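The file start.cif contains mmCIF, C-alpha atoms:
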```
data_final
loop_
_atom_site.label_atom_id
_atom_site.label_comp_id
_atom_site.auth_asym_id
_atom_site.auth_seq_id
_atom_site.Cartn_x
_atom_site.Cartn_y
_atom_site.Cartn_z
CA MET A 85 -2.77 -28.21 -7.46
CA SER A 86 -4.05 -25.71 -9.99
CA LEU A 87 -5.76 -22.62 -8.70
CA VAL A 88 -9.16 -23.53 -10.10
CA SER A 89 -9.16 -26.71 -8.05
CA TYR A 90 -8.94 -24.85 -4.75
CA PRO A 91 -12.22 -25.37 -2.98
CA LYS A 92 -14.69 -22.56 -3.54
CA ILE A 93 -12.32 -20.37 -5.58
CA TYR A 94 -15.36 -19.06 -7.46
CA LEU A 95 -16.81 -17.82 -4.15
CA TYR A 96 -13.55 -16.06 -3.37
CA ARG A 97 -13.66 -14.33 -6.72
CA ARG A 98 -17.15 -12.99 -6.03
CA VAL A 99 -16.16 -11.68 -2.62
CA VAL A 100 -13.03 -10.06 -4.07
CA GLN A 101 -15.15 -8.42 -6.77
CA ALA A 102 -17.54 -7.13 -4.12
CA LYS A 103 -14.61 -5.73 -2.13
CA MET A 104 -13.19 -4.05 -5.23
CA PHE A 105 -16.64 -2.64 -5.99
CA MET A 106 -16.66 -1.02 -2.55
CA ASP A 107 -13.12 0.31 -3.13
CA GLU A 108 -14.36 2.09 -6.24
CA HIS A 109 -17.91 3.11 -5.28
CA TYR A 110 -17.39 3.89 -1.57
CA HIS A 111 -18.82 7.39 -2.05
CA GLU A 112 -22.13 6.06 -3.32
CA ASP A 113 -25.08 4.88 -1.29
CA ILE A 114 -24.04 1.24 -1.33
CA ASN A 115 -26.63 -1.32 -0.42
CA LEU A 116 -24.68 -4.19 1.14
CA SER A 117 -27.61 -6.58 0.76
CA GLY A 118 -27.60 -5.75 -2.94
CA ILE A 119 -23.91 -6.59 -3.13
CA ALA A 120 -24.54 -9.97 -1.55
CA ASP A 121 -27.36 -10.55 -4.04
CA GLU A 122 -25.10 -9.64 -6.95
CA ALA A 123 -22.50 -12.06 -5.66
CA PHE A 124 -25.20 -14.76 -5.58
CA PHE A 125 -24.85 -15.25 -1.85
CA SER A 126 -27.19 -15.17 1.05
CA LYS A 127 -26.34 -12.06 3.09
CA PHE A 128 -25.31 -14.26 6.00
CA HIS A 129 -22.97 -16.43 3.91
CA PHE A 130 -21.50 -13.41 2.13
CA THR A 131 -20.82 -11.58 5.41
CA ARG A 132 -19.22 -14.66 6.96
CA LEU A 133 -16.89 -15.29 4.01
CA PHE A 134 -16.06 -11.58 3.67
CA LYS A 135 -15.14 -11.42 7.34
CA SER A 136 -12.97 -14.52 7.15
CA ILE A 137 -11.05 -12.99 4.22
CA TYR A 138 -10.77 -9.35 5.29
CA GLY A 139 -11.09 -9.63 9.05
CA ARG A 140 -14.15 -7.36 9.24
CA THR A 141 -17.72 -7.25 8.06
CA PRO A 142 -18.58 -5.60 4.71
CA HIS A 143 -20.10 -2.67 6.62
CA GLN A 144 -16.96 -2.24 8.74
CA TYR A 145 -14.82 -2.53 5.62
CA LEU A 146 -16.83 0.11 3.76
CA THR A 147 -16.49 2.45 6.72
CA SER A 148 -12.72 1.91 6.78
CA VAL A 149 -12.46 2.67 3.04
CA ARG A 150 -14.45 5.86 3.52
CA ILE A 151 -12.27 6.95 6.43
CA ASP A 152 -9.06 6.13 4.50
CA GLN A 153 -10.31 8.15 1.55
CA ALA A 154 -11.28 10.96 3.90
CA LYS A 155 -7.72 10.99 5.25
CA HIS A 156 -6.40 11.22 1.72
CA LEU A 157 -8.72 14.11 0.81
CA LEU A 158 -7.92 15.96 4.04
CA GLN A 159 -4.23 15.56 3.23
CA ILE A 160 -4.77 17.38 -0.06
CA ASN A 161 -6.40 20.19 1.91
CA LYS A 162 -10.09 19.78 1.11
CA SER A 163 -12.48 21.20 3.67
CA VAL A 164 -13.93 18.87 6.29
CA ALA A 165 -17.46 19.41 4.97
CA ASP A 166 -16.46 18.67 1.37
CA VAL A 167 -14.61 15.54 2.46
CA CYS A 168 -17.58 14.36 4.49
CA TYR A 169 -19.94 14.41 1.51
CA GLU A 170 -17.33 13.23 -1.01
CA VAL A 171 -16.73 9.99 0.87
CA GLY A 172 -20.40 9.21 1.28
CA PHE A 173 -21.38 10.51 4.72
CA GLY A 174 -24.62 12.44 5.11
CA SER A 175 -23.75 14.68 8.03
CA VAL A 176 -20.58 16.44 9.11
CA SER A 177 -21.15 15.72 12.79
CA SER A 178 -21.55 11.97 12.30
CA PHE A 179 -18.53 11.95 9.96
CA SER A 180 -16.39 13.91 12.42
CA GLY A 181 -17.46 11.73 15.32
CA LEU A 182 -16.68 8.49 13.50
CA PHE A 183 -13.41 9.85 12.10
CA SER A 184 -12.27 10.90 15.59
CA LYS A 185 -13.22 7.54 17.05
CA ILE A 186 -11.30 5.57 14.40
CA VAL A 187 -8.31 7.84 13.76
CA GLY A 188 -7.93 9.17 17.28
CA GLN A 189 -8.13 12.82 16.31
CA SER A 190 -10.69 15.07 14.66
CA PRO A 191 -10.57 15.64 10.88
CA SER A 192 -9.39 19.23 11.31
CA VAL A 193 -6.61 18.27 13.75
CA PHE A 194 -5.58 15.43 11.42
CA GLN A 195 -5.41 17.89 8.53
CA LEU A 196 -3.46 20.47 10.51
CA LYS A 197 -0.90 17.92 11.69
CA HIS A 198 -0.44 16.63 8.17
CA GLN A 199 0.14 20.13 6.82
CA GLN A 200 2.64 20.82 9.61
CA ARG A 201 4.53 17.63 8.78
CA LEU A 202 4.56 18.44 5.05
CA GLN A 203 5.98 21.84 5.85
CA ALA A 204 8.63 20.36 8.12
CA VAL A 205 9.64 17.84 5.43
CA ALA A 206 9.87 20.59 2.82
CA GLU A 207 11.93 22.84 5.09
CA MET A 208 14.25 20.25 6.63
CA PRO A 209 14.07 17.04 4.61
CA LEU A 210 17.23 15.63 6.16
CA ASN A 211 15.43 15.40 9.48
CA PHE A 212 13.33 12.65 7.92
CA ILE A 213 16.07 10.63 6.20
CA PRO A 214 18.49 8.27 7.97
CA ASN A 215 21.93 9.78 7.70
CA CYS A 216 23.46 6.72 6.05
CA PHE A 217 21.11 7.04 3.08
CA ALA A 218 21.54 10.79 2.82
CA GLU A 219 25.32 10.38 2.88
CA LYS A 220 25.29 7.69 0.19
CA LYS A 221 23.14 9.91 -1.97
CA GLY A 222 25.46 12.88 -1.45
CA TRP A 223 22.73 14.95 0.13
CA ILE A 224 24.69 15.75 3.31
CA LYS A 225 27.21 17.77 1.37
CA ASN A 226 24.50 19.89 -0.15
CA SER A 227 24.37 22.87 2.15
CA ASN A 228 20.90 23.76 0.88
CA PHE A 229 19.56 21.04 3.11
CA GLN A 230 21.53 21.77 6.26
CA ASP A 231 21.64 24.31 8.98
CA ALA A 232 24.46 26.80 8.65
CA MET B 75 20.84 -6.09 20.89
CA ILE B 76 19.08 -5.29 17.63
CA SER B 77 15.37 -5.07 18.26
CA LYS B 78 13.78 -4.28 14.91
CA MET B 79 14.20 -3.01 11.37
CA ASN B 80 12.73 0.36 10.50
CA HIS B 81 14.07 1.10 6.99
CA VAL B 82 14.73 -1.07 3.98
CA SER B 83 15.54 -0.09 0.38
CA ILE B 84 14.15 -1.33 -2.89
CA PHE B 85 15.90 -0.12 -6.02
CA VAL B 86 13.40 0.97 -8.64
CA LEU B 87 13.68 2.08 -12.25
CA ASP B 88 11.24 4.97 -11.97
CA GLN B 89 10.02 6.52 -8.73
CA ASP B 90 6.76 7.90 -10.20
CA SER B 91 5.84 4.50 -11.53
CA ALA B 92 6.94 2.83 -8.28
CA PHE B 93 4.77 5.29 -6.33
CA ASN B 94 1.79 4.29 -8.43
CA PHE B 95 2.51 0.57 -8.03
CA TYR B 96 3.16 0.51 -4.29
CA VAL B 97 0.52 3.06 -3.30
CA ASN B 98 -2.30 2.73 -5.81
CA THR B 99 -1.95 -0.95 -6.69
CA LEU B 100 -0.60 -2.59 -3.52
CA GLY B 101 -2.33 -0.11 -1.19
CA PHE B 102 0.74 0.96 0.79
CA ASN B 103 0.80 4.32 2.54
CA VAL B 104 3.17 7.14 1.69
CA HIS B 105 5.37 7.87 4.69
CA THR B 106 7.74 10.53 3.36
CA ASP B 107 7.96 12.12 -0.06
CA ALA B 108 10.65 14.78 -0.07
CA ALA B 109 12.17 16.68 -2.99
CA MET B 110 15.94 16.65 -2.53
CA GLY B 111 16.97 18.91 -5.36
CA PRO B 112 16.65 18.69 -9.14
CA GLY B 113 15.58 15.18 -10.14
CA MET B 114 16.17 13.77 -6.64
CA ARG B 115 13.51 12.49 -4.31
CA TRP B 116 13.38 10.58 -1.03
CA LEU B 117 10.28 8.42 -1.18
CA THR B 118 9.26 5.90 1.46
CA VAL B 119 6.10 3.85 1.81
CA THR B 120 4.80 1.58 4.54
CA PRO B 121 2.70 -1.58 4.40
CA PRO B 122 -0.84 -0.83 5.67
CA GLU B 123 -0.44 -2.72 8.94
CA GLN B 124 3.24 -1.93 9.51
CA PRO B 125 3.56 1.85 9.74
CA ASP B 126 6.99 1.71 11.38
CA LEU B 127 8.75 -0.09 8.53
CA GLU B 128 9.67 2.47 5.88
CA ILE B 129 10.40 0.99 2.48
CA SER B 130 12.57 3.40 0.55
CA LEU B 131 11.83 3.32 -3.16
CA MET B 132 15.32 4.22 -4.24
CA ALA B 133 16.02 5.57 -7.71
CA ILE B 134 19.10 4.15 -9.42
CA ASP B 135 20.71 7.44 -10.28
CA GLU B 136 24.22 8.17 -11.37
CA GLY B 137 25.83 9.90 -8.40
CA MET B 138 27.68 9.08 -5.23
CA MET B 139 26.06 5.68 -4.85
CA PHE B 140 26.53 4.52 -8.44
CA ASP B 141 28.86 5.74 -11.15
CA LYS B 142 27.46 5.77 -14.68
CA GLU B 143 28.52 2.20 -15.46
CA ALA B 144 27.32 0.79 -12.13
CA ALA B 145 23.97 2.56 -12.46
CA GLU B 146 23.48 1.08 -15.91
CA GLN B 147 24.44 -2.40 -14.66
CA MET B 148 22.13 -2.07 -11.69
CA ARG B 149 19.22 -0.98 -13.84
CA GLY B 150 19.81 -3.95 -16.11
CA LEU B 151 19.88 -6.36 -13.18
CA VAL B 152 16.69 -4.93 -11.67
CA ARG B 153 14.95 -5.04 -15.06
CA LYS B 154 15.99 -8.70 -15.47
CA GLY B 155 14.36 -9.61 -12.18
CA THR B 156 17.60 -10.48 -10.41
CA PHE B 157 16.56 -9.23 -7.00
CA GLY B 158 14.11 -10.68 -4.55
CA PHE B 159 13.76 -8.10 -1.82
CA GLY B 160 11.46 -9.70 0.68
CA VAL B 161 8.42 -11.59 1.79
CA PHE B 162 5.09 -9.85 2.20
CA GLU B 163 2.24 -11.24 4.25
CA CYS B 164 -1.50 -11.03 3.79
CA ASN B 165 -4.51 -12.27 5.65
CA ASP B 166 -5.84 -14.35 2.78
CA LEU B 167 -3.57 -15.30 -0.12
CA LEU B 168 -6.20 -16.46 -2.60
CA ALA B 169 -8.22 -13.27 -2.24
CA THR B 170 -5.15 -11.04 -2.40
CA TYR B 171 -3.89 -12.91 -5.45
CA GLU B 172 -7.23 -12.52 -7.21
CA GLU B 173 -7.37 -8.81 -6.44
CA LEU B 174 -3.80 -7.99 -7.42
CA LYS B 175 -4.07 -10.04 -10.60
CA ALA B 176 -7.24 -8.10 -11.49
CA LYS B 177 -5.24 -4.91 -10.97
CA GLY B 178 -2.60 -6.09 -13.45
CA VAL B 179 0.13 -7.31 -11.10
CA GLU B 180 2.38 -9.90 -12.72
CA PHE B 181 2.61 -13.13 -10.75
CA THR B 182 5.40 -15.56 -11.55
CA LYS B 183 3.92 -18.20 -9.27
CA ALA B 184 0.25 -18.71 -8.48
CA PRO B 185 -0.64 -19.53 -4.87
CA LYS B 186 0.72 -22.93 -3.97
CA LYS B 187 0.89 -24.90 -0.76
CA GLU B 188 4.55 -25.57 -0.04
CA PHE B 189 6.05 -27.42 2.91
CA TYR B 190 6.97 -24.03 4.42
CA GLY B 191 3.61 -22.38 3.82
CA PHE B 192 1.12 -21.06 1.29
CA GLU B 193 2.97 -18.84 -1.19
CA ALA B 194 2.80 -16.89 -4.44
CA LEU B 195 5.45 -14.80 -6.19
CA PHE B 196 4.92 -11.47 -7.89
CA LYS B 197 6.97 -8.73 -9.50
CA ASP B 198 6.82 -5.01 -8.92
CA ASP B 199 6.73 -2.55 -11.81
CA SER B 200 10.54 -2.49 -12.00
CA GLY B 201 11.08 -6.25 -12.05
CA ASN B 202 11.91 -6.88 -8.38
CA TRP B 203 10.22 -10.01 -7.15
CA PHE B 204 8.58 -10.76 -3.83
CA SER B 205 7.11 -13.71 -2.08
CA LEU B 206 3.57 -13.26 -0.81
CA GLY B 207 2.53 -15.54 2.01
CA GLU B 208 -0.54 -16.00 4.14
CA LYS B 209 -0.61 -15.20 7.81
CA GLU B 210 -1.13 -18.32 9.90
CA LYS B 211 -4.72 -18.41 11.07
#
```
Representation of the structure as structure tokens:
Amino acid sequence: MSLVSYPKIYLYRRVVQAKMFMDEHYHEDINLSGIADEAFFSKFHFTRLFKSIYGRTPHQYLTSVRIDQAKHLLQINKSVADVCYEVGFGSVSSFSGLFSKIVGQSPSVFQLKHQQRLQAVAEMPLNFIPNCFAEKKGWIKNSNFQDA
Amino acid sequence: MISKMNHVSIFVLDQDSAFNFYVNTLGFNVHTDAAMGPGMRWLTVTPPEQPDLEISLMAIDEGMMFDKEAAEQMRGLVRKGTFGFGVFECNDLLATYEELKAKGVEFTKAPKKEFYGFEALFKDDSGNWFSLGEKEK
């Protein structure tokens, strides 16, 4: 069976394009009804197919992309306020509230914990590598990476 | 009794390129990225819904693991696509195939219904191949 003969492959392609559009333009004021229109769907049909493919509604998906991007930006040490606006939220309090609800910790705590982990990895990398791999790589013998 | 796997290695030709492929193209998360001295790096990534399985993107360097000849042989074998390192799973194979193809991933087999399931095959940026299957719904 060739791919083009799969039922409704053209619909899949439109939904995938809409998803990829959200991946790229998450920081913009995205009108999800407009996306459905561009994909030549009714909003209802588009939402149903999107959910069957990605396991969540387009709105939920867009939120998850924004939160994932926020995590990335916090990890590179941007301020919470900058991150909030860069990923498309309009207010720091609503961003922080949603971030905490989804991630389980506030943006600033998330950022602090990430920085602490980065520091721990930089200072004692062997604590994060199974010994068998480190040994095979010859890293155990390197006293720079071990306690005296 | 063994209960689970938490680390697995994939030998790659270039860790920077592998980072880009696994993180930016496949959407995996970086777990640990540690500099281990000049030219050496411990880099692990995790599939988005499996944060406790670290995939080590292992450089094929001349050193304790490979002598010069073995490293060269290994690089040649990886480049030739000798190794199939695993089976990945997605929620919807057709959609994932369409997206990854649009991002430039090389598929050696388009999605096909087989007696064992719905499957496609793709290669990473080094030449390692993987099966991609669809989660039973």
Top pick for closest residue to chain B, considering A:Phe128, A:Phe183, A:Phe212, A:Phe105 and counting only C-alpha atoms: A:Phe212
For a test of reading the model, state the distance in Å between atom CA of B:Trp203 and atom CA of A:Val99, rounded to one decimal.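 Separation between atom CA of B:Trp203 and atom CA of A:Val99: 26.8 Å.
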Quick one: which residues from chain A are at most 7 Å off chain B, using all atoms listed in the file, as an MDAnalysis selection string? chainID A and resid 96:97 100 137:138 205:206 209 220:222
What lies within 9 Å of B:Val179 using all atoms listed in the file, ignoring chain neighbours under 5 positions off, as a list in words?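 These residues fall inside the cut-off: Phe95, Thr99, Leu100, Tyr171, Glu173, Leu174, Phe196, Lys197, Asp198 and Asp199 of chain B.
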So how many Å separate atom CA of B:Val152 and atom CA of B:Gly201, to one decimal?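 Atom CA of B:Gly201 lies at a distance of 5.8 Å from atom CA of B:Val152.
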